[in-house]
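Peer 1: For reference, this is final_10.tsv, and it has TSV, C-alpha atoms and all ligand atoms.
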```tsv
chain	number	residue	atom	x	y	z
Z	1	MET	CA	14.81	-40.01	50.53
Z	2	LYS	CA	18.22	-38.90	49.29
Z	3	SER	CA	17.91	-41.17	46.31
Z	4	THR	CA	14.92	-39.24	44.84
Z	5	ALA	CA	16.90	-35.98	44.42
Z	6	PRO	CA	18.67	-37.01	41.18
Z	7	LEU	CA	15.39	-38.38	39.79
Z	8	LEU	CA	13.59	-35.11	40.65
Z	9	ALA	CA	16.32	-33.11	38.93
Z	10	LEU	CA	16.03	-35.34	35.89
Z	11	LEU	CA	12.23	-34.92	35.83
Z	12	LEU	CA	12.53	-31.13	36.16
Z	13	GLY	CA	15.09	-31.11	33.42
Z	14	LEU	CA	12.82	-33.14	31.18
Z	15	ALA	CA	9.90	-30.82	31.95
Z	16	ALA	CA	11.99	-27.78	31.05
Z	17	PHE	CA	13.18	-29.48	27.89
Z	18	THR	CA	9.61	-30.41	26.91
Z	19	ALA	CA	8.38	-26.87	27.62
Z	20	CYS	CA	11.13	-25.42	25.49
Z	21	ARG	CA	10.33	-27.74	22.60
Z	22	LYS	CA	6.63	-26.95	22.93
Z	23	ASP	CA	7.36	-23.23	22.64
Z	24	GLU	CA	9.39	-23.75	19.51
Z	25	THR	CA	6.87	-25.95	17.75
Z	26	ALA	CA	3.94	-23.76	18.80
Z	27	ALA	CA	5.46	-20.51	17.56
Z	28	PRO	CA	4.71	-20.85	13.83
Z	29	ALA	CA	1.04	-21.71	14.45
Z	30	ALA	CA	0.48	-18.84	16.87
Z	31	PRO	CA	-1.11	-15.65	15.49
Z	32	THR	CA	2.00	-13.49	15.85
Z	33	PRO	CA	1.02	-10.15	14.25
Z	34	SER	CA	2.62	-7.29	16.14
Z	35	SER	CA	0.00	-4.78	17.31
Z	36	GLY	CA	-2.85	-5.07	14.84
Z	37	LEU	CA	-1.00	-6.32	11.79
Z	38	HIS	CA	-2.36	-9.15	9.64
Z	39	VAL	CA	-0.19	-11.64	7.77
Z	40	LEU	CA	-1.15	-11.36	4.08
Z	41	GLN	CA	1.29	-13.92	2.77
Z	42	SER	CA	4.25	-15.93	4.00
Z	43	ALA	CA	6.92	-18.22	2.63
Z	44	THR	CA	9.79	-20.24	4.05
Z	45	ASP	CA	13.21	-19.94	2.47
Z	46	ASN	CA	16.74	-20.64	3.59
Z	47	GLY	CA	15.50	-21.66	7.07
Z	48	LEU	CA	13.68	-18.35	7.49
Z	49	THR	CA	10.02	-17.36	7.38
Z	50	LEU	CA	9.24	-14.29	5.27
Z	51	GLU	CA	5.98	-12.52	5.99
Z	52	LEU	CA	4.06	-9.75	4.25
Z	53	LEU	CA	1.79	-7.83	6.66
Z	54	ASN	CA	-0.51	-4.81	6.77
Z	55	HIS	CA	-3.18	-3.23	8.96
Z	56	SER	CA	-6.30	-4.08	6.92
Z	57	GLY	CA	-5.64	-7.70	6.01
Z	58	THR	CA	-6.26	-7.04	2.31
Z	59	LEU	CA	-4.43	-5.30	-0.54
Z	60	GLU	CA	-6.29	-3.08	-2.97
Z	61	VAL	CA	-5.75	-0.87	-5.99
Z	62	GLY	CA	-4.11	2.39	-4.85
Z	63	HIS	CA	-1.78	3.20	-1.96
Z	64	ASN	CA	-0.98	0.26	0.38
Z	65	PRO	CA	1.41	0.56	3.34
Z	66	VAL	CA	3.01	-2.89	3.68
Z	67	PHE	CA	5.34	-4.47	6.24
Z	68	ILE	CA	7.89	-7.26	5.86
Z	69	ARG	CA	8.98	-9.52	8.70
Z	70	ILE	CA	11.83	-12.02	8.46
Z	71	LYS	CA	11.70	-14.63	11.22
Z	72	ASP	CA	14.42	-17.05	12.17
Z	73	ALA	CA	13.81	-20.68	13.26
Z	74	HIS	CA	12.96	-19.47	16.79
Z	75	GLY	CA	10.34	-17.01	15.55
Z	76	SER	CA	12.49	-13.96	16.30
Z	77	ALA	CA	12.48	-11.07	13.85
Z	78	VAL	CA	15.75	-10.66	11.94
Z	79	GLN	CA	16.51	-6.95	12.13
Z	80	ASN	CA	19.82	-6.45	10.33
Z	81	ALA	CA	18.78	-7.69	6.88
Z	82	THR	CA	19.02	-5.87	3.58
Z	83	VAL	CA	15.58	-6.04	1.98
Z	84	ALA	CA	14.22	-4.97	-1.42
Z	85	TRP	CA	11.08	-5.86	-3.33
Z	86	GLU	CA	9.45	-5.59	-6.72
Z	87	PRO	CA	5.75	-6.01	-7.46
Z	88	MET	CA	4.93	-7.52	-10.85
Z	89	MET	CA	1.66	-8.31	-12.57
Z	90	THR	CA	1.53	-11.07	-15.18
Z	91	MET	CA	-1.34	-10.68	-17.60
Z	92	ASP	CA	-2.73	-13.02	-20.20
Z	93	MET	CA	-3.46	-10.99	-23.30
Z	94	ASP	CA	-4.91	-12.96	-26.21
Z	95	GLY	CA	-2.72	-15.94	-25.48
Z	96	SER	CA	0.50	-14.02	-24.89
Z	97	THR	CA	1.85	-12.89	-21.53
Z	98	HIS	CA	2.54	-9.31	-20.59
Z	99	GLN	CA	4.20	-8.11	-17.39
Z	100	HIS	CA	4.11	-4.74	-15.70
Z	101	SER	CA	4.94	-3.28	-12.33
Z	102	CYS	CA	3.49	-0.24	-10.52
Z	103	PRO	CA	4.78	2.58	-8.28
Z	104	TYR	CA	6.41	1.37	-5.05
Z	105	SER	CA	8.80	2.64	-2.39
Z	106	GLY	CA	11.97	1.12	-1.00
Z	107	LEU	CA	11.89	-0.75	2.32
Z	108	ALA	CA	13.23	0.72	5.57
Z	109	PRO	CA	13.12	-0.39	9.22
Z	110	SER	CA	9.66	0.49	10.59
Z	111	ALA	CA	9.51	3.21	13.25
Z	112	ASP	CA	6.18	1.95	14.66
Z	113	HIS	CA	6.71	-1.81	14.45
Z	114	SER	CA	10.09	-2.78	15.80
Z	115	GLY	CA	11.87	-5.53	13.89
Z	116	LEU	CA	9.76	-5.04	10.76
Z	117	TYR	CA	10.56	-3.34	7.45
Z	118	GLU	CA	8.08	-0.88	5.99
Z	119	GLY	CA	7.24	0.52	2.57
Z	120	TYR	CA	4.31	1.04	0.24
Z	121	VAL	CA	3.00	-0.33	-3.05
Z	122	VAL	CA	0.60	1.56	-5.34
Z	123	PHE	CA	-1.15	-1.29	-7.14
Z	124	ASN	CA	-2.48	0.01	-10.47
Z	125	MET	CA	-4.74	-2.96	-11.33
Z	126	ALA	CA	-6.83	-5.49	-9.47
Z	127	SER	CA	-6.09	-9.21	-9.62
Z	128	SER	CA	-8.39	-11.04	-12.04
Z	129	ALA	CA	-8.87	-14.32	-13.87
Z	130	THR	CA	-6.37	-13.11	-16.48
Z	131	GLY	CA	-3.96	-11.13	-14.31
Z	132	SER	CA	-2.07	-11.99	-11.11
Z	133	TRP	CA	0.36	-10.10	-8.86
Z	134	GLU	CA	3.57	-11.31	-7.24
Z	135	LEU	CA	5.83	-9.43	-4.85
Z	136	THR	CA	9.40	-10.62	-5.27
Z	137	LEU	CA	11.33	-10.13	-2.06
Z	138	THR	CA	15.12	-9.99	-2.23
Z	139	TYR	CA	16.79	-10.20	1.15
Z	140	ASP	CA	20.27	-10.68	2.57
Z	141	VAL	CA	20.78	-11.69	6.19
Z	142	GLY	CA	24.53	-11.97	5.74
Z	143	GLY	CA	24.97	-15.01	3.51
Z	144	GLY	CA	24.27	-13.32	0.19
Z	145	PRO	CA	21.02	-12.30	-1.49
Z	146	HIS	CA	18.03	-14.65	-1.74
Z	147	SER	CA	14.85	-14.00	-3.71
Z	148	VAL	CA	11.37	-15.30	-2.97
Z	149	ALA	CA	8.21	-14.59	-4.98
Z	150	LEU	CA	5.07	-14.07	-2.88
Z	151	PRO	CA	1.77	-14.26	-4.79
Z	152	VAL	CA	-0.70	-11.61	-3.60
Z	153	THR	CA	-4.34	-10.81	-4.34
Z	154	VAL	CA	-5.18	-7.17	-5.11
Z	155	LEU	CA	-8.83	-6.12	-4.74
Z	156	SER	CA	-10.55	-3.34	-6.66
Z	157	SER	CA	-10.99	-0.06	-4.75
Z	158	ASP	CA	-13.34	1.47	-7.31
Z	159	SER	CA	-17.07	1.20	-6.59
Z	160	ASP	CA	-20.15	3.43	-6.85
Z	161	PHE	CA	-19.20	5.57	-3.87
Z	162	ARG	CA	-15.51	4.90	-3.38
Z	163	LYS	CA	-12.40	5.49	-5.49
Z	164	ARG	CA	-8.91	6.03	-4.13
Z	165	TYR	CA	-6.81	5.63	-7.28
Z	166	THR	CA	-6.99	7.14	-10.76
Z	167	SER	CA	-4.76	7.49	-13.77
Z	168	ALA	CA	-4.97	9.48	-16.99
Z	169	ALA	CA	-2.96	10.39	-20.06
Z	170	GLY	CA	-1.77	13.98	-19.78
Z	171	THR	CA	-1.84	16.53	-22.60
Z	172	ASP	CA	1.97	16.06	-22.66
Z	173	GLY	CA	1.50	12.40	-23.67
Z	174	THR	CA	2.63	11.09	-20.24
Z	175	THR	CA	0.39	8.81	-18.18
Z	176	TYR	CA	-0.04	10.08	-14.61
Z	177	LEU	CA	-1.08	7.93	-11.64
Z	178	LEU	CA	-2.69	9.43	-8.53
Z	179	ALA	CA	-3.18	7.51	-5.28
Z	180	MET	CA	-5.01	8.98	-2.28
Z	181	VAL	CA	-3.30	8.32	1.08
Z	182	GLU	CA	-5.38	10.73	3.21
Z	183	PRO	CA	-8.13	11.21	4.19
Z	184	ALA	CA	-8.29	7.50	5.03
Z	185	LYS	CA	-11.24	8.16	7.37
Z	186	PRO	CA	-13.03	11.30	6.08
Z	187	THR	CA	-15.03	13.45	8.50
Z	188	SER	CA	-17.21	16.56	8.23
Z	189	GLY	CA	-15.09	19.69	8.06
Z	190	VAL	CA	-11.62	20.27	6.71
Z	191	ASN	CA	-9.58	17.09	6.17
Z	192	THR	CA	-5.86	16.76	5.61
Z	193	MET	CA	-5.31	15.44	2.11
Z	194	VAL	CA	-2.24	13.48	0.97
Z	195	VAL	CA	-1.79	12.07	-2.55
Z	196	GLY	CA	1.04	10.22	-4.29
Z	197	LEU	CA	1.68	11.42	-7.87
Z	198	TYR	CA	3.62	9.18	-10.25
Z	199	LYS	CA	4.23	8.92	-13.97
Z	200	ARG	CA	4.67	5.94	-16.24
Z	201	VAL	CA	8.13	5.92	-17.87
Z	202	SER	CA	7.96	2.22	-18.81
Z	203	GLY	CA	6.13	-0.90	-17.68
Z	204	THR	CA	8.51	-1.18	-14.73
Z	205	GLU	CA	9.36	2.49	-14.02
Z	206	PHE	CA	6.86	4.72	-12.23
Z	207	PRO	CA	8.82	7.51	-10.52
Z	208	VAL	CA	7.37	10.17	-8.21
Z	209	VAL	CA	6.56	13.37	-10.10
Z	210	ASP	CA	8.24	16.43	-8.55
Z	211	GLY	CA	7.16	20.06	-8.33
Z	212	TYR	CA	3.61	19.85	-9.68
Z	213	THR	CA	0.33	21.06	-8.15
Z	214	ILE	CA	-2.82	18.96	-7.64
Z	215	ARG	CA	-5.98	21.08	-7.55
Z	216	VAL	CA	-8.94	19.77	-5.52
Z	217	ASP	CA	-12.64	20.58	-5.89
Z	218	PRO	CA	-14.93	18.36	-3.75
Z	219	ARG	CA	-18.58	18.20	-4.88
Z	220	MET	CA	-21.76	16.42	-3.77
Z	221	PRO	CA	-23.29	15.01	-6.97
Z	222	GLY	CA	-26.43	13.98	-5.08
Z	223	MET	CA	-27.08	17.53	-3.80
Z	224	GLY	CA	-26.89	19.86	-6.80
Z	225	ASN	CA	-23.12	19.34	-7.06
Z	226	HIS	CA	-22.42	21.83	-4.27
Z	227	GLY	CA	-18.89	22.30	-3.03
Z	228	ALA	CA	-17.38	23.03	0.35
Z	229	PRO	CA	-14.95	25.55	1.86
Z	230	GLY	CA	-11.54	24.77	3.26
Z	231	ASN	CA	-9.81	23.36	0.18
Z	232	VAL	CA	-6.07	23.86	-0.20
Z	233	ASP	CA	-4.48	22.68	-3.45
Z	234	LEU	CA	-1.81	20.02	-2.92
Z	235	THR	CA	1.89	20.77	-3.25
Z	236	GLN	CA	4.80	18.40	-2.76
Z	237	GLY	CA	6.27	17.90	0.71
Z	238	ALA	CA	9.74	16.77	1.74
Z	239	ASP	CA	8.38	13.20	1.87
Z	240	GLY	CA	7.62	13.30	-1.88
Z	241	PHE	CA	3.85	13.13	-1.34
Z	242	TYR	CA	1.48	15.98	-2.20
Z	243	HIS	CA	-0.13	17.69	0.81
Z	244	GLY	CA	-3.14	19.99	1.14
Z	245	SER	CA	-6.70	20.03	2.46
Z	246	VAL	CA	-10.15	19.00	1.30
Z	247	GLY	CA	-13.40	20.33	2.78
Z	248	PHE	CA	-16.54	18.28	3.32
Z	249	SER	CA	-19.35	20.45	4.72
Z	250	MET	CA	-21.54	17.45	5.57
Z	251	THR	CA	-21.55	13.63	5.68
Z	252	GLY	CA	-22.46	11.64	2.56
Z	253	TYR	CA	-21.07	10.93	-0.87
Z	254	TRP	CA	-18.42	13.31	-2.24
Z	255	LYS	CA	-16.54	13.32	-5.53
Z	256	ILE	CA	-13.12	14.94	-5.16
Z	257	ASN	CA	-12.43	16.45	-8.59
Z	258	LEU	CA	-8.76	16.78	-9.46
Z	259	MET	CA	-6.50	18.61	-11.86
Z	260	VAL	CA	-2.77	18.01	-12.32
Z	261	GLU	CA	-0.72	21.08	-13.18
Z	262	ASP	CA	2.97	21.16	-14.02
Z	263	GLY	CA	5.44	23.61	-12.46
Z	264	THR	CA	4.48	26.35	-14.90
Z	265	GLY	CA	0.75	26.14	-14.16
Z	266	THR	CA	-0.19	24.25	-17.32
Z	267	VAL	CA	-3.05	21.79	-16.73
Z	268	LEU	CA	-1.97	18.31	-17.89
Z	269	CYS	CA	-4.87	16.18	-16.61
Z	270	GLY	CA	-8.40	16.98	-15.55
Z	271	ASN	CA	-10.68	19.97	-16.10
Z	272	PRO	CA	-12.47	22.55	-13.95
Z	273	VAL	CA	-15.99	21.84	-12.71
Z	274	THR	CA	-18.38	24.40	-14.27
Z	275	GLY	CA	-22.12	24.89	-14.75
Z	276	THR	CA	-22.06	22.67	-17.82
Z	277	GLU	CA	-19.21	20.33	-16.74
Z	278	PRO	CA	-20.27	18.57	-13.52
Z	279	GLU	CA	-17.02	16.68	-13.01
Z	280	SER	CA	-13.35	16.55	-13.88
Z	281	SER	CA	-12.04	13.65	-15.96
Z	282	ILE	CA	-10.02	12.57	-12.90
Z	283	TYR	CA	-11.41	12.27	-9.37
Z	284	PHE	CA	-11.52	10.28	-6.15
Z	285	LYS	CA	-14.74	9.30	-4.37
Z	286	VAL	CA	-15.50	9.07	-0.64
Z	287	ASN	CA	-18.65	8.25	1.29
Z	288	PHE	CA	-18.99	8.61	5.05
Q	301	CU	CU	-2.18	-5.47	-15.25
```
Could you show the structure in this file as structure tokens?
Peer 2:
Amino acid sequence: MKSTAPLLALLLGLAAFTACRKDETAAPAAPTPSSGLHVLQSATDNGLTLELLNHSGTLEVGHNPVFIRIKDAHGSAVQNATVAWEPMMTMDMDGSTHQHSCPYSGLAPSADHSGLYEGYVVFNMASSATGSWELTLTYDVGGGPHSVALPVTVLSSDSDFRKRYTSAAGTDGTTYLLAMVEPAKPTSGVNTMVVGLYKRVSGTEFPVVDGYTIRVDPRMPGMGNHGAPGNVDLTQGADGFYHGSVGFSMTGYWKINLMVEDGTGTVLCGNPVTGTEPESSIYFKVNF
């Protein structure tokens, strides 16, 4: 019976070895999203897997929180990388190509999803037959910077009863871009409202606009264009976003009319809703 001991050890060793190999080969195929995140796109580069993730599983025109995960060959998240990105749309215009970017943040380690990097992109156009988006990821895990282009599909967020992004040329000649962050899930009563306000400096520069005011006037077009109490015009917070409140006195379809004012109170975009003017030229739409 003594003679079986070495054989048993060998078999156990083989079993352990096989199990280990199984784990490694199974890892890439496993659905690995960390707590409710969906992988939107992935690429392999330099022996690493780069993943683009978010909560909804789709990207759309307007404000999109996005996560980046860099995985090593064992499937472990690389946490000490330097990461940057740039979204770019390539458009076919009468046979010639035109490229533009959109507003986007930097990337920082995520507080809620350990090992991931977090930021946001404010897509200003939907993907189409003549226009496609790519997110170019530049990362450095210690061996120098590498760049990888990830193609992404951006859906429209503008329909009959929904609109979470708008842009307009101001009376000062500048194009302003407004993206609604909150309310993401509107309810009856007073809702916290958060909006990102950006301006177009060039096709690749869309900085945050500082020190303005965004006026809000929610109306129900289907019910005599009545309003609701509880509105607080939006002013800029320490996070750069504009914060205030919007009131919805009942469920249904609401148009949130907007006006952008500069620091001196001059209206640059939009107009007041009056008896003869049922809507502003800029607005968001919600339906709940
Ligand atoms: Cu475009």
Peer 1: For Thr171 in chain Z, which of Z:Asp239, Z:Asn271, Z:Asp45, Z:Leu40 is the closest residue, counting all atoms listed in the file?
Peer 2: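 Comparing Z:Asp239, Z:Asn271, Z:Asp45, Z:Leu40 against Thr171 in chain Z, the winner is Z:Asn271.
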Peer 1: Pro229 in chain Z: which residues within 10 Å, counting only C-alpha atoms, same-chain residues fewer than 3 positions away excluded, as an MDAnalysis selection string?
Peer 2: chainID Z and resid 189:190 217:218 232 245:249
Peer 1: Within 12 Å of ligand CU 301 (chain Q), which residues show up when you count only C-alpha atoms and all ligand atoms? List them as a count of residues only, please.
Peer 2: 29
Peer 1: Can you work out the spacing between CA of His243 in chain Z and CA of Val201 in chain Z in Å, to one decimal?
Peer 2: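 CA of His243 in chain Z sits 23.6 Å away from CA of Val201 in chain Z.
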Peer 1: Using all atoms listed in the file, can you tell me which of Z:Phe161, Z:Phe241, Z:Trp85, Z:Phe206 comes closest to Tyr176 in chain Z?
Peer 2: Z:Phe206
Peer 1: Mind pulling up the distance from CA of Tyr139 in chain Z to CA of Thr82 in chain Z?
Peer 2: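 According to the coordinates, CA of Thr82 in chain Z and CA of Tyr139 in chain Z are separated by 5.4 Å.
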Peer 1: Would you list the contacts of Lys285 in chain Z as a PyMOL selection string, taking every protein, DNA or RNA residue within 8 Å and counting all atoms listed in the file, but skipping same-chain residues closer than 5 positions in sequence?
Peer 2: chain Z and resi 161-164+253-256
Peer 1: Could you work out how far CA of Val152 in chain Z lies from CA of Ala43 in chain Z, giving the answer in Å with one decimal?
Peer 2: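 Taking CA of Ala43 in chain Z and CA of Val152 in chain Z, their separation equals 11.9 Å.
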Peer 1: Just want the 9 Å neighbourhood of Gly263 in chain Z, counted on all atoms listed in the file, with same-chain residues fewer than 5 positions away dropped. Output as a compact mmCIF listing (two decimals) with C-alpha atoms, in the frame of the given file.
Peer 2:
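File produced: part01.txt:
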```
# COMPACT_ATOMS: atom_id res chain seq x y z
CA ASP Z 210 8.24 16.43 -8.55
CA GLY Z 211 7.16 20.06 -8.33
CA TYR Z 212 3.61 19.85 -9.68
CA THR Z 213 0.33 21.06 -8.15
```
Peer 1: Could you tell me which of Z:Asn287, Z:Asp72, Z:Glu51, Z:Ala111 comes closest to Ala184 in chain Z if we count only C-alpha atoms?
Peer 2: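 Closest to Ala184 in chain Z of all the choices is Z:Asn287.
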Peer 1: Taking all atoms of range 134-151 of chain Z that the file lists, what box with edges along x, y and z, padded by 5 Å per side, do you get, with centre and edge lengths in Å to one decimal, as lines of an AutoDock Vina configuration file?
Peer 2:
```
center_x = 13.4
center_y = -12.4
center_z = -0.5
size_x = 33.2
size_y = 15.9
size_z = 23.4
```
Peer 1: Return the single residue from Z:Gly196, Z:Pro103, Z:Gly119, Z:Pro221 that is closest to Met180 in chain Z, with distances computed using all atoms listed in the file.
Peer 2: Z:Gly196
Peer 1: Considering all atoms listed in the file, can you say which of Z:Ala179, Z:Met259, Z:Cys269, Z:Val39 comes closest to Asn54 in chain Z?
Peer 2: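 Of Z:Ala179, Z:Met259, Z:Cys269, Z:Val39, the one nearest Asn54 in chain Z is Z:Val39, counting all atoms listed in the file.
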Peer 1: Hey, what's within 7 Å of Leu107 in chain Z if we count all atoms listed in the file and toss same-chain stuff fewer than 3 positions away? As a PyMOL selection string, please?
Peer 2: chain Z and resi 83-84+117-119
Peer 1: List the spatial neighbours of Leu258 in chain Z as a ChimeraX atom specification - criterion: any atom at most 10 Å away, all atoms listed in the file, same-chain residues fewer than 2 positions off excluded.
Peer 2: /Z:166,178,214-218,233,255-256,260-261,269-273,279-284
Peer 1: Which residue gives the smallest distance to Ser156 in chain Z among Z:Tyr120, Z:His38, Z:Thr274, Z:Thr58, with all atoms listed in the file counted?
Peer 2: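 Once distances to Ser156 in chain Z are computed over all atoms listed in the file, the minimum belongs to Z:Thr58.
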